[in-house]
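See below for target_36.pdb, which holds PDB, C-alpha atoms and all ligand atoms.
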ATOM      1  CA  MET Q   1       0.000   0.000   0.000
ATOM      2  CA  SER Q   2       3.021   2.223  -0.320
ATOM      3  CA  ASP Q   3       2.251   5.155  -2.586
ATOM      4  CA  HIS Q   4       3.965   8.460  -3.025
ATOM      5  CA  ALA Q   5       1.134  10.819  -3.815
ATOM      6  CA  ALA Q   6       2.093  12.750  -0.685
ATOM      7  CA  PRO Q   7       2.950  16.415  -0.998
ATOM      8  CA  ALA Q   8       6.523  17.238  -0.142
ATOM      9  CA  ARG Q   9       5.444  19.607   2.631
ATOM     10  CA  GLY Q  10       3.116  19.478   5.569
ATOM     11  CA  THR Q  11       3.631  15.952   6.809
ATOM     12  CA  VAL Q  12       5.257  14.158   9.689
ATOM     13  CA  LEU Q  13       6.580  10.613   9.724
ATOM     14  CA  GLY Q  14       4.979   8.261  12.232
ATOM     15  CA  ILE Q  15       6.739   5.014  13.145
ATOM     16  CA  ASP Q  16       5.265   2.140  15.164
ATOM     17  CA  ILE Q  17       7.665  -0.467  16.581
ATOM     18  CA  GLY Q  18       6.184  -3.754  17.755
ATOM     19  CA  GLY Q  19       7.338  -7.304  18.295
ATOM     20  CA  THR Q  20       5.329  -8.602  15.328
ATOM     21  CA  LYS Q  21       5.287  -5.655  12.941
ATOM     22  CA  LEU Q  22       7.035  -2.409  12.071
ATOM     23  CA  ALA Q  23       4.888   0.312  10.478
ATOM     24  CA  ALA Q  24       5.582   3.775   9.092
ATOM     25  CA  ALA Q  25       3.383   6.468   7.547
ATOM     26  CA  LEU Q  26       3.411  10.051   6.356
ATOM     27  CA  VAL Q  27       0.609  11.789   8.228
ATOM     28  CA  SER Q  28      -0.890  15.243   7.665
ATOM     29  CA  ALA Q  29      -1.895  17.679  10.397
ATOM     30  CA  ASP Q  30      -5.515  16.442  10.325
ATOM     31  CA  GLY Q  31      -4.509  12.799  10.810
ATOM     32  CA  THR Q  32      -4.775  11.668   7.188
ATOM     33  CA  ILE Q  33      -2.315   8.957   6.161
ATOM     34  CA  LEU Q  34      -0.817  10.051   2.824
ATOM     35  CA  ALA Q  35       1.533   7.083   2.397
ATOM     36  CA  GLY Q  36       2.190   4.109   4.603
ATOM     37  CA  ASP Q  37       3.449   0.577   4.775
ATOM     38  CA  ARG Q  38       4.214  -2.150   7.284
ATOM     39  CA  ILE Q  39       6.484  -5.213   7.471
ATOM     40  CA  ARG Q  40       6.918  -8.175   9.775
ATOM     41  CA  THR Q  41       9.492  -7.447  12.459
ATOM     42  CA  PRO Q  42      12.565  -9.370  11.300
ATOM     43  CA  ASP Q  43      14.586 -11.641  13.540
ATOM     44  CA  GLY Q  44      18.254 -10.931  13.953
ATOM     45  CA  GLY Q  45      20.760  -8.602  15.483
ATOM     46  CA  ALA Q  46      20.450  -4.876  16.128
ATOM     47  CA  ASP Q  47      21.679  -3.744  12.717
ATOM     48  CA  GLN Q  48      19.661  -6.317  10.820
ATOM     49  CA  VAL Q  49      16.420  -5.159  12.426
ATOM     50  CA  PHE Q  50      17.303  -1.516  11.886
ATOM     51  CA  ALA Q  51      18.213  -2.111   8.230
ATOM     52  CA  ALA Q  52      14.695  -3.417   7.619
ATOM     53  CA  LEU Q  53      13.196  -0.406   9.398
ATOM     54  CA  GLY Q  54      15.454   1.944   7.408
ATOM     55  CA  GLU Q  55      14.246   0.472   4.091
ATOM     56  CA  LEU Q  56      10.646   0.819   5.255
ATOM     57  CA  ILE Q  57      11.219   4.479   6.179
ATOM     58  CA  GLU Q  58      12.852   5.282   2.819
ATOM     59  CA  ARG Q  59      10.053   3.575   0.901
ATOM     60  CA  VAL Q  60       7.290   5.390   2.779
ATOM     61  CA  ARG Q  61       9.012   8.773   2.741
ATOM     62  CA  GLY Q  62       9.645   8.782  -0.992
ATOM     63  CA  ASP Q  63      10.460  12.359  -2.021
ATOM     64  CA  ALA Q  64       8.711  13.952   0.947
ATOM     65  CA  THR Q  65      10.533  15.886   3.681
ATOM     66  CA  PRO Q  66       8.740  15.226   6.970
ATOM     67  CA  LEU Q  67       8.775  18.154   9.401
ATOM     68  CA  ALA Q  68       9.190  15.856  12.397
ATOM     69  CA  VAL Q  69       9.270  12.181  13.305
ATOM     70  CA  GLY Q  70       7.235  10.458  16.016
ATOM     71  CA  ILE Q  71       8.150   6.970  17.170
ATOM     72  CA  GLY Q  72       5.945   4.745  19.293
ATOM     73  CA  SER Q  73       7.665   1.645  20.632
ATOM     74  CA  ALA Q  74       7.014  -1.366  22.758
ATOM     75  CA  GLY Q  75       8.805  -0.957  26.066
ATOM     76  CA  PRO Q  76      10.738  -0.759  28.113
ATOM     77  CA  LEU Q  77      12.330   2.395  26.799
ATOM     78  CA  ASP Q  78      14.536   5.204  28.024
ATOM     79  CA  GLN Q  79      12.838   8.290  26.724
ATOM     80  CA  ARG Q  80      15.451  10.755  27.894
ATOM     81  CA  HIS Q  81      18.266   9.045  26.000
ATOM     82  CA  GLY Q  82      16.170   7.779  23.094
ATOM     83  CA  LEU Q  83      16.915   4.113  23.805
ATOM     84  CA  VAL Q  84      14.553   1.159  23.312
ATOM     85  CA  SER Q  85      14.673  -2.446  24.577
ATOM     86  CA  PRO Q  86      11.388  -3.964  23.332
ATOM     87  CA  VAL Q  87      10.743  -7.237  25.164
ATOM     88  CA  ASN Q  88       9.848  -8.994  21.898
ATOM     89  CA  ILE Q  89      12.745  -7.613  19.821
ATOM     90  CA  PRO Q  90      15.716  -9.324  21.512
ATOM     91  CA  GLY Q  91      18.209  -7.767  19.068
ATOM     92  CA  TRP Q  92      17.505  -4.303  20.481
ATOM     93  CA  ARG Q  93      18.736  -3.717  24.018
ATOM     94  CA  ASN Q  94      19.317  -0.067  24.881
ATOM     95  CA  PHE Q  95      19.246   0.471  21.141
ATOM     96  CA  PRO Q  96      19.732   4.177  20.233
ATOM     97  CA  LEU Q  97      16.645   4.292  18.015
ATOM     98  CA  VAL Q  98      16.136   8.062  18.115
ATOM     99  CA  ASP Q  99      19.710   8.811  16.983
ATOM    100  CA  ARG Q 100      19.629   6.126  14.299
ATOM    101  CA  VAL Q 101      16.312   7.393  12.878
ATOM    102  CA  ARG Q 102      17.528  11.000  12.986
ATOM    103  CA  ALA Q 103      20.585   9.983  10.977
ATOM    104  CA  LEU Q 104      18.160   8.920   8.220
ATOM    105  CA  THR Q 105      15.669  11.760   8.397
ATOM    106  CA  GLY Q 106      17.892  14.773   8.983
ATOM    107  CA  ASP Q 107      17.862  17.342  11.728
ATOM    108  CA  VAL Q 108      14.164  17.454  12.621
ATOM    109  CA  PRO Q 109      12.463  16.842  15.985
ATOM    110  CA  VAL Q 110      12.281  13.103  16.728
ATOM    111  CA  THR Q 111       9.999  12.063  19.599
ATOM    112  CA  LEU Q 112       9.777   8.673  21.295
ATOM    113  CA  GLY Q 113       6.828   7.380  23.297
ATOM    114  CA  MET Q 114       5.505   4.136  24.737
ATOM    115  CA  ASP Q 115       3.255   2.129  22.438
ATOM    116  CA  GLY Q 116       0.402   2.239  24.969
ATOM    117  CA  HIS Q 117       0.614   6.031  25.163
ATOM    118  CA  CYS Q 118       0.555   6.246  21.364
ATOM    119  CA  PHE Q 119      -2.456   3.904  21.200
ATOM    120  CA  ALA Q 120      -4.379   6.188  23.570
ATOM    121  CA  LEU Q 121      -3.328   9.306  21.627
ATOM    122  CA  GLY Q 122      -4.338   7.753  18.293
ATOM    123  CA  GLU Q 123      -7.797   6.811  19.553
ATOM    124  CA  TYR Q 124      -8.098  10.290  21.068
ATOM    125  CA  TRP Q 125      -7.129  11.932  17.767
ATOM    126  CA  SER Q 126      -9.203   9.894  15.305
ATOM    127  CA  GLY Q 127     -10.891   6.961  17.015
ATOM    128  CA  ALA Q 128     -13.328   6.004  19.758
ATOM    129  CA  GLY Q 129     -11.918   8.530  22.233
ATOM    130  CA  ARG Q 130     -12.153  11.541  19.950
ATOM    131  CA  GLY Q 131     -12.200  14.722  21.996
ATOM    132  CA  ALA Q 132     -12.475  12.959  25.370
ATOM    133  CA  LYS Q 133     -11.645  15.188  28.330
ATOM    134  CA  THR Q 134      -9.779  12.462  30.245
ATOM    135  CA  LEU Q 135      -9.112   9.242  28.354
ATOM    136  CA  LEU Q 136      -7.663   5.905  29.421
ATOM    137  CA  GLY Q 137      -6.627   3.675  26.505
ATOM    138  CA  ILE Q 138      -6.021   0.007  27.289
ATOM    139  CA  VAL Q 139      -4.360  -2.572  25.033
ATOM    140  CA  VAL Q 140      -5.267  -6.136  26.031
ATOM    141  CA  SER Q 141      -2.946  -8.540  24.270
ATOM    142  CA  THR Q 142      -0.097 -10.815  25.437
ATOM    143  CA  GLY Q 143       0.216  -8.212  28.184
ATOM    144  CA  VAL Q 144      -2.005  -5.348  29.282
ATOM    145  CA  GLY Q 145      -0.707  -1.855  28.526
ATOM    146  CA  GLY Q 146      -2.176   1.564  28.180
ATOM    147  CA  GLY Q 147      -1.998   5.313  28.154
ATOM    148  CA  LEU Q 148      -3.746   8.342  29.579
ATOM    149  CA  VAL Q 149      -4.644  11.467  27.619
ATOM    150  CA  VAL Q 150      -5.570  14.391  29.852
ATOM    151  CA  ASP Q 151      -6.846  17.635  28.282
ATOM    152  CA  GLY Q 152      -5.478  16.545  24.915
ATOM    153  CA  LYS Q 153      -2.006  15.686  26.160
ATOM    154  CA  PRO Q 154      -0.501  12.298  27.010
ATOM    155  CA  LEU Q 155       0.371  11.824  30.666
ATOM    156  CA  ILE Q 156       3.978  10.658  30.361
ATOM    157  CA  GLY Q 157       5.266  10.523  33.931
ATOM    158  CA  GLN Q 158       8.767  11.246  35.194
ATOM    159  CA  SER Q 159      10.256   8.077  33.675
ATOM    160  CA  GLY Q 160       7.930   7.879  30.674
ATOM    161  CA  ASN Q 161       6.019   4.917  32.115
ATOM    162  CA  ALA Q 162       2.743   6.431  33.332
ATOM    163  CA  ALA Q 163      -0.501   4.476  32.871
ATOM    164  CA  HIS Q 164       0.794   0.942  33.377
ATOM    165  CA  ILE Q 165      -2.817  -0.123  33.857
ATOM    166  CA  GLY Q 166      -1.840  -3.806  33.565
ATOM    167  CA  HIS Q 167       0.054  -3.523  36.842
ATOM    168  CA  VAL Q 168      -2.601  -1.838  38.928
ATOM    169  CA  VAL Q 169      -3.072  -4.249  41.850
ATOM    170  CA  VAL Q 170      -6.703  -5.311  42.086
ATOM    171  CA  ASP Q 171      -6.222  -8.173  44.571
ATOM    172  CA  GLN Q 172      -3.252  -7.832  46.899
ATOM    173  CA  ASP Q 173      -3.620 -11.477  47.952
ATOM    174  CA  GLY Q 174      -3.989 -12.561  44.349
ATOM    175  CA  GLU Q 175      -1.989 -14.357  41.684
ATOM    176  CA  ALA Q 176       1.705 -13.694  41.158
ATOM    177  CA  CYS Q 177       2.371 -11.325  38.258
ATOM    178  CA  ALA Q 178       5.347 -11.334  35.864
ATOM    179  CA  CYS Q 179       6.311  -7.919  37.284
ATOM    180  CA  GLY Q 180       6.994  -9.422  40.735
ATOM    181  CA  SER Q 181       3.858  -8.121  42.421
ATOM    182  CA  TYR Q 182       0.547  -9.857  43.171
ATOM    183  CA  GLY Q 183      -2.955  -9.561  41.856
ATOM    184  CA  CYS Q 184      -2.220  -7.173  38.961
ATOM    185  CA  VAL Q 185      -4.845  -6.649  36.243
ATOM    186  CA  GLU Q 186      -2.534  -8.364  33.749
ATOM    187  CA  ALA Q 187      -2.391 -11.546  35.854
ATOM    188  CA  TYR Q 188      -6.124 -12.060  35.113
ATOM    189  CA  ALA Q 189      -6.792 -10.252  31.846
ATOM    190  CA  SER Q 190      -3.896 -10.867  29.435
ATOM    191  CA  GLY Q 191      -4.498 -13.427  26.691
ATOM    192  CA  PRO Q 192      -1.926 -15.985  27.932
ATOM    193  CA  ARG Q 193      -3.033 -15.637  31.569
ATOM    194  CA  MET Q 194      -6.692 -16.150  30.629
ATOM    195  CA  VAL Q 195      -5.784 -19.239  28.606
ATOM    196  CA  ALA Q 196      -3.746 -20.630  31.549
ATOM    197  CA  ARG Q 197      -6.597 -19.928  33.960
ATOM    198  CA  ALA Q 198      -9.153 -21.621  31.722
ATOM    199  CA  LYS Q 199      -6.892 -24.672  31.411
ATOM    200  CA  ARG Q 200      -6.629 -24.889  35.201
ATOM    201  CA  ARG Q 201     -10.411 -25.091  35.183
ATOM    202  CA  GLY Q 202     -10.259 -28.004  32.745
ATOM    203  CA  TRP Q 203     -10.726 -26.211  29.402
ATOM    204  CA  ARG Q 204      -8.933 -27.866  26.397
ATOM    205  CA  THR Q 205      -6.158 -29.044  28.720
ATOM    206  CA  GLU Q 206      -4.272 -31.091  26.125
ATOM    207  CA  GLU Q 207      -4.389 -28.568  23.294
ATOM    208  CA  ASP Q 208      -2.075 -25.763  22.190
ATOM    209  CA  VAL Q 209      -4.654 -22.978  21.933
ATOM    210  CA  ASP Q 210      -4.713 -19.209  22.333
ATOM    211  CA  ALA Q 211      -7.041 -16.464  23.548
ATOM    212  CA  ALA Q 212      -8.820 -16.315  20.172
ATOM    213  CA  VAL Q 213      -9.959 -19.934  20.673
ATOM    214  CA  LEU Q 214     -11.014 -19.095  24.227
ATOM    215  CA  ALA Q 215     -13.042 -16.148  22.882
ATOM    216  CA  ALA Q 216     -14.709 -18.306  20.228
ATOM    217  CA  ASP Q 217     -15.641 -20.900  22.858
ATOM    218  CA  ALA Q 218     -16.999 -18.185  25.149
ATOM    219  CA  ALA Q 219     -19.088 -16.793  22.291
ATOM    220  CA  ALA Q 220     -20.432 -20.337  21.709
ATOM    221  CA  GLY Q 221     -21.503 -20.513  25.364
ATOM    222  CA  ASP Q 222     -18.717 -22.639  26.901
ATOM    223  CA  GLU Q 223     -19.076 -22.062  30.648
ATOM    224  CA  LEU Q 224     -15.385 -22.395  31.517
ATOM    225  CA  ALA Q 225     -14.458 -19.882  28.814
ATOM    226  CA  LEU Q 226     -17.208 -17.476  29.900
ATOM    227  CA  ALA Q 227     -16.151 -17.701  33.562
ATOM    228  CA  THR Q 228     -12.553 -16.958  32.573
ATOM    229  CA  PHE Q 229     -13.539 -13.912  30.503
ATOM    230  CA  ASP Q 230     -15.643 -12.753  33.452
ATOM    231  CA  ASP Q 231     -12.600 -12.970  35.756
ATOM    232  CA  GLY Q 232     -10.480 -11.016  33.263
ATOM    233  CA  ALA Q 233     -13.267  -8.472  32.841
ATOM    234  CA  GLN Q 234     -13.629  -8.046  36.599
ATOM    235  CA  ALA Q 235      -9.897  -7.327  36.946
ATOM    236  CA  LEU Q 236      -9.987  -4.871  34.037
ATOM    237  CA  ALA Q 237     -13.027  -3.129  35.514
ATOM    238  CA  ALA Q 238     -11.360  -2.860  38.932
ATOM    239  CA  GLY Q 239      -8.278  -1.314  37.299
ATOM    240  CA  ILE Q 240     -10.453   1.032  35.251
ATOM    241  CA  VAL Q 241     -12.432   2.180  38.275
ATOM    242  CA  ALA Q 242      -9.261   2.681  40.360
ATOM    243  CA  THR Q 243      -7.928   4.895  37.577
ATOM    244  CA  ALA Q 244     -11.267   6.637  37.109
ATOM    245  CA  VAL Q 245     -11.521   7.764  40.725
ATOM    246  CA  THR Q 246      -7.848   8.796  40.710
ATOM    247  CA  VAL Q 247      -7.823  11.010  37.621
ATOM    248  CA  ASP Q 248     -11.562  11.683  37.088
ATOM    249  CA  LEU Q 249     -11.824   9.717  33.826
ATOM    250  CA  THR Q 250     -14.533  10.397  31.263
ATOM    251  CA  THR Q 251     -13.736   7.729  28.678
ATOM    252  CA  VAL Q 252     -12.066   4.323  28.379
ATOM    253  CA  VAL Q 253     -11.119   2.786  25.025
ATOM    254  CA  ILE Q 254     -10.048  -0.862  24.921
ATOM    255  CA  GLY Q 255      -8.152  -2.384  21.982
ATOM    256  CA  GLY Q 256      -5.560  -5.080  21.318
ATOM    257  CA  GLY Q 257      -5.862  -8.669  20.119
ATOM    258  CA  VAL Q 258      -7.910  -9.918  23.084
ATOM    259  CA  ALA Q 259     -10.391  -7.025  22.684
ATOM    260  CA  LYS Q 260     -11.288  -8.504  19.272
ATOM    261  CA  ALA Q 261     -13.249 -11.039  21.348
ATOM    262  CA  GLY Q 262     -16.021  -8.409  21.290
ATOM    263  CA  PRO Q 263     -19.095  -8.805  23.521
ATOM    264  CA  VAL Q 264     -17.676 -11.742  25.526
ATOM    265  CA  LEU Q 265     -15.153  -9.230  26.881
ATOM    266  CA  PHE Q 266     -17.033  -5.928  26.683
ATOM    267  CA  ASP Q 267     -20.351  -7.095  28.157
ATOM    268  CA  PRO Q 268     -18.825  -8.267  31.451
ATOM    269  CA  VAL Q 269     -16.363  -5.318  31.570
ATOM    270  CA  GLN Q 270     -19.263  -2.882  31.258
ATOM    271  CA  ALA Q 271     -21.331  -4.792  33.840
ATOM    272  CA  TRP Q 272     -18.453  -4.833  36.340
ATOM    273  CA  VAL Q 273     -17.651  -1.149  35.764
ATOM    274  CA  LYS Q 274     -21.303  -0.292  36.396
ATOM    275  CA  ARG Q 275     -21.209  -2.271  39.633
ATOM    276  CA  LEU Q 276     -17.893  -0.876  40.912
ATOM    277  CA  ALA Q 277     -18.143   2.763  39.752
ATOM    278  CA  GLN Q 278     -20.340   4.254  42.437
ATOM    279  CA  LEU Q 279     -19.016   7.742  43.149
ATOM    280  CA  PRO Q 280     -21.240  10.258  41.338
ATOM    281  CA  PHE Q 281     -18.467  11.711  39.165
ATOM    282  CA  ILE Q 282     -17.717   8.371  37.473
ATOM    283  CA  THR Q 283     -21.136   6.782  37.068
ATOM    284  CA  GLU Q 284     -21.318   8.029  33.442
ATOM    285  CA  LEU Q 285     -17.923   6.565  32.536
ATOM    286  CA  ALA Q 286     -17.973   5.344  28.924
ATOM    287  CA  VAL Q 287     -16.123   2.122  28.021
ATOM    288  CA  GLU Q 288     -15.764   1.728  24.253
ATOM    289  CA  PRO Q 289     -14.063  -0.690  21.861
ATOM    290  CA  ALA Q 290     -11.164   0.822  19.901
ATOM    291  CA  GLN Q 291     -12.062   1.961  16.372
ATOM    292  CA  LEU Q 292      -8.652   1.998  14.682
ATOM    293  CA  ASP Q 293      -6.308  -0.778  13.663
ATOM    294  CA  ASN Q 294      -3.390   1.673  13.492
ATOM    295  CA  ALA Q 295      -3.971   3.804  16.598
ATOM    296  CA  GLY Q 296      -0.347   3.408  17.716
ATOM    297  CA  LEU Q 297       0.965   4.693  14.399
ATOM    298  CA  LEU Q 298      -1.402   7.685  14.373
ATOM    299  CA  GLY Q 299      -0.580   8.443  18.000
ATOM    300  CA  ALA Q 300       3.124   8.441  17.159
ATOM    301  CA  ALA Q 301       2.402  10.962  14.371
ATOM    302  CA  HIS Q 302       0.274  13.065  16.733
ATOM    303  CA  GLN Q 303       3.249  13.182  19.085
ATOM    304  CA  ALA Q 304       5.409  14.480  16.223
ATOM    305  CA  TRP Q 305       2.893  17.244  15.378
ATOM    306  CA  ALA Q 306       2.787  18.193  19.074
ATOM    307  CA  ALA Q 307       6.575  18.586  19.035
ATOM    308  CA  LEU Q 308       6.176  21.202  16.285
ATOM    309  CA  ALA Q 309       3.407  23.155  18.003
TER     310      ALA Q 309
HETATM  311 ZN    ZN D   1       2.191  -6.818  37.596
END

Step by step, read the file and then write its structure as structure tokens.
Amino acid sequence: MSDHAAPARGTVLGIDIGGTKLAAALVSADGTILAGDRIRTPDGGADQVFAALGELIERVRGDATPLAVGIGSAGPLDQRHGLVSPVNIPGWRNFPLVDRVRALTGDVPVTLGMDGHCFALGEYWSGAGRGAKTLLGIVVSTGVGGGLVVDGKPLIGQSGNAAHIGHVVVDQDGEACACGSYGCVEAYASGPRMVARAKRRGWRTEEDVDAAVLAADAAAGDELALATFDDGAQALAAGIVATAVTVDLTTVVIGGGVAKAGPVLFDPVQAWVKRLAQLPFITELAVEPAQLDNAGLLGAAHQAWAALA
């Protein structure tokens, strides 16, 4: 889908770095994608992965001269020094992504943000959270990540890691989490943790299956699958409500692979939020499915436009 009809002026370059795909696009000030493409994230060492990204950037940029570059990346990352160490890209550890991209694109502002923050910004800019006063975006996938947008600006935090909604503790006596704590949202709501929980209940114990199969079984009425989605939904709702009372949320947008489950996730999330959100200022809290399949990329571009403002 790479095409070079883009004007040479008035665009920024958005880049989205994930463990399964790398995407880049030229994006105008109103959020229109003028040229874009994506590739599978290659295996290999640091330079091999970057070479593939560099080719992608050149192809998408064509003859255009972007005014700024915005990068959204899976974490962890070191925003201050422009370094990334995405968990699912083992070739990049403290990789100087900002400097390497700037070497390709010239001396323009290059911003770097967490993928969850960019997801929230993208949905705020052009998706289900458009214009929300205080937005929480949640990505439910192999982990649970997210971002907050407050009065049109991402809440970054002092280390760049604000809005780790997956690690809000919703049961301090609960299951061990990969982060070292107990009872985090992610320990109940991530795809792999839901699959493991369902198997402990006796669901498809001998099979190598994923959260998409669990969702299909739940949609078909399987009680073990439904109970597991309800547990995940309860944890998500508890994390949402904790955040809502803390920052006075108006809107929640949920995306990511597990959110593609649709009503088997959203129905119980909405029911649990209704039950747990009792203070008057959060009883109208809206919980919506994400609308974009490229929110992270658009959010990265939004970040670049903000750097020019
Ligand atoms: Zn945790």

So which residues get picked by the PyMOL selection byres (((chain Q and resi 305) around 10) and not hetatm) here, written as a PDB file with C-alpha atoms, keeping the file's coordinate frame?
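File out37.pdb, as written:
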ATOM      1  CA  THR Q  11       3.631  15.952   6.809  1.00  0.00           C
ATOM      2  CA  VAL Q  12       5.257  14.158   9.689  1.00  0.00           C
ATOM      3  CA  LEU Q  13       6.580  10.613   9.724  1.00  0.00           C
ATOM      4  CA  GLY Q  14       4.979   8.261  12.232  1.00  0.00           C
ATOM      5  CA  VAL Q  27       0.609  11.789   8.228  1.00  0.00           C
ATOM      6  CA  SER Q  28      -0.890  15.243   7.665  1.00  0.00           C
ATOM      7  CA  ALA Q  29      -1.895  17.679  10.397  1.00  0.00           C
ATOM      8  CA  ASP Q  30      -5.515  16.442  10.325  1.00  0.00           C
ATOM      9  CA  GLY Q  31      -4.509  12.799  10.810  1.00  0.00           C
ATOM     10  CA  LEU Q  67       8.775  18.154   9.401  1.00  0.00           C
ATOM     11  CA  ALA Q  68       9.190  15.856  12.397  1.00  0.00           C
ATOM     12  CA  VAL Q  69       9.270  12.181  13.305  1.00  0.00           C
ATOM     13  CA  GLY Q  70       7.235  10.458  16.016  1.00  0.00           C
ATOM     14  CA  PRO Q 109      12.463  16.842  15.985  1.00  0.00           C
ATOM     15  CA  THR Q 111       9.999  12.063  19.599  1.00  0.00           C
ATOM     16  CA  GLY Q 299      -0.580   8.443  18.000  1.00  0.00           C
ATOM     17  CA  ALA Q 300       3.124   8.441  17.159  1.00  0.00           C
ATOM     18  CA  ALA Q 301       2.402  10.962  14.371  1.00  0.00           C
ATOM     19  CA  HIS Q 302       0.274  13.065  16.733  1.00  0.00           C
ATOM     20  CA  GLN Q 303       3.249  13.182  19.085  1.00  0.00           C
ATOM     21  CA  ALA Q 304       5.409  14.480  16.223  1.00  0.00           C
ATOM     22  CA  ALA Q 306       2.787  18.193  19.074  1.00  0.00           C
ATOM     23  CA  ALA Q 307       6.575  18.586  19.035  1.00  0.00           C
ATOM     24  CA  LEU Q 308       6.176  21.202  16.285  1.00  0.00           C
ATOM     25  CA  ALA Q 309       3.407  23.155  18.003  1.00  0.00           C
TER      26      ALA Q 309
END

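The space separating CA of Asp107 in chain Q from CA of Gly19 in chain Q comes to 27.6 Å.
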
Return as a tab-separated table the residues of chain Q lying at most 12 Å from ligand ZN 1 (chain D), together with the closest atom-to-atom pair for each and the distance in Å to one decimal, counting all atoms listed in the file, with rows in chain order and ascending residue number.
residue	atom	partner	partner_atom	distance
Q:Gly143	CA	D:ZN1	ZN	9.7
Q:Val144	CA	D:ZN1	ZN	9.4
Q:Gly145	CA	D:ZN1	ZN	10.7
Q:His164	CA	D:ZN1	ZN	8.9
Q:Ile165	CA	D:ZN1	ZN	9.2
Q:Gly166	CA	D:ZN1	ZN	6.4
Q:His167	CA	D:ZN1	ZN	4.0
Q:Val168	CA	D:ZN1	ZN	7.0
Q:Val169	CA	D:ZN1	ZN	7.2
Q:Val170	CA	D:ZN1	ZN	10.1
Q:Asp171	CA	D:ZN1	ZN	11.0
Q:Gln172	CA	D:ZN1	ZN	10.8
Q:Gly174	CA	D:ZN1	ZN	10.8
Q:Glu175	CA	D:ZN1	ZN	9.5
Q:Ala176	CA	D:ZN1	ZN	7.8
Q:Cys177	CA	D:ZN1	ZN	4.6
Q:Ala178	CA	D:ZN1	ZN	5.8
Q:Cys179	CA	D:ZN1	ZN	4.3
Q:Gly180	CA	D:ZN1	ZN	6.3
Q:Ser181	CA	D:ZN1	ZN	5.3
Q:Tyr182	CA	D:ZN1	ZN	6.6
Q:Gly183	CA	D:ZN1	ZN	7.2
Q:Cys184	CA	D:ZN1	ZN	4.6
Q:Val185	CA	D:ZN1	ZN	7.2
Q:Glu186	CA	D:ZN1	ZN	6.3
Q:Ala187	CA	D:ZN1	ZN	6.8
Q:Tyr188	CA	D:ZN1	ZN	10.1
Q:Ala189	CA	D:ZN1	ZN	11.2
Q:Ser190	CA	D:ZN1	ZN	11.0
Q:Arg193	CA	D:ZN1	ZN	11.9
Q:Gly239	CA	D:ZN1	ZN	11.8

Thr205 in chain Q environment, 12 Å, only C-alpha atoms, sequence neighbours closer than 5 positions dropped, as a PyMOL selection string: chain Q and resi 195-200+210+214+224

Straight-line distance linking CA of Pro90 in chain Q with CA of Ile17 in chain Q, stated in Å to one decimal: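 We find that CA of Pro90 in chain Q and CA of Ile17 in chain Q lie 12.9 Å from each other.
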
Contacts of Asp151 in chain Q at 9 Å (only C-alpha atoms; same-chain gap of 3+ positions) as a ChimeraX atom specification: /Q:131-135,154

Near-range 275-280 of chain Q list (10 Å; all atoms listed in the file; drop same-chain fewer than 5 positions) as a PyMOL selection string: chain Q and resi 234+237-238+240-242+244-245+269-270+285

Evaluate the PyMOL selection byres (((chain Q and resi 262) around 12) and not hetatm) and report residues as a PyMOL selection string: chain Q and resi 140+212+215-216+218-219+229+233+254-261+263-270+288-290

Using only C-alpha atoms: which of Q:Leu83, Q:Val98, Q:Ala51, Q:Val108 has the shortest distance to Pro66 in chain Q: Q:Val108

Expected selection from the PyMOL selection byres (((chain Q and resi 46) around 6) and not hetatm), given as a VMD selection string: chain Q and resid 45 47 to 49 91 to 92

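Using all atoms listed in the file, the shortest contact distance between Thr65 in chain Q and any of Q:Gly127, Q:Gly152, Q:Gly157, Q:Gly106 is found at Q:Gly106.
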
If the box runs along x, y and z of the file and leaves 4 Å on each side of range 284-292 of chain Q, what are its centre and edge lengths in Å, one decimal, as lines of an AutoDock Vina configuration file?
center_x = -15.0
center_y = 3.7
center_z = 24.1
size_x = 20.7
size_y = 16.7
size_z = 26.8

Kindly write range 55-62 of chain Q with N, CA and C atoms to a file, as a PDB file, in the first residue's frame.
ATOM      1  N   GLU Q  55      14.828   0.645   5.433  1.00  0.00           N
ATOM      2  CA  GLU Q  55      14.246   0.472   4.091  1.00  0.00           C
ATOM      3  C   GLU Q  55      12.780   0.867   4.079  1.00  0.00           C
ATOM      4  N   LEU Q  56      12.072   0.477   5.148  1.00  0.00           N
ATOM      5  CA  LEU Q  56      10.646   0.819   5.255  1.00  0.00           C
ATOM      6  C   LEU Q  56      10.470   2.343   5.276  1.00  0.00           C
ATOM      7  N   ILE Q  57      11.303   3.021   6.073  1.00  0.00           N
ATOM      8  CA  ILE Q  57      11.219   4.479   6.179  1.00  0.00           C
ATOM      9  C   ILE Q  57      11.471   5.135   4.816  1.00  0.00           C
ATOM     10  N   GLU Q  58      12.517   4.689   4.122  1.00  0.00           N
ATOM     11  CA  GLU Q  58      12.852   5.282   2.819  1.00  0.00           C
ATOM     12  C   GLU Q  58      11.711   5.096   1.826  1.00  0.00           C
ATOM     13  N   ARG Q  59      11.130   3.895   1.851  1.00  0.00           N
ATOM     14  CA  ARG Q  59      10.053   3.575   0.901  1.00  0.00           C
ATOM     15  C   ARG Q  59       8.824   4.453   1.169  1.00  0.00           C
ATOM     16  N   VAL Q  60       8.484   4.607   2.432  1.00  0.00           N
ATOM     17  CA  VAL Q  60       7.290   5.390   2.779  1.00  0.00           C
ATOM     18  C   VAL Q  60       7.533   6.881   2.541  1.00  0.00           C
ATOM     19  N   ARG Q  61       8.724   7.344   2.840  1.00  0.00           N
ATOM     20  CA  ARG Q  61       9.012   8.773   2.741  1.00  0.00           C
ATOM     21  C   ARG Q  61       9.037   9.231   1.289  1.00  0.00           C
ATOM     22  N   GLY Q  62       9.563   8.379   0.405  1.00  0.00           N
ATOM     23  CA  GLY Q  62       9.645   8.782  -0.992  1.00  0.00           C
ATOM     24  C   GLY Q  62      10.409  10.087  -1.126  1.00  0.00           C
TER      25      GLY Q  62
END
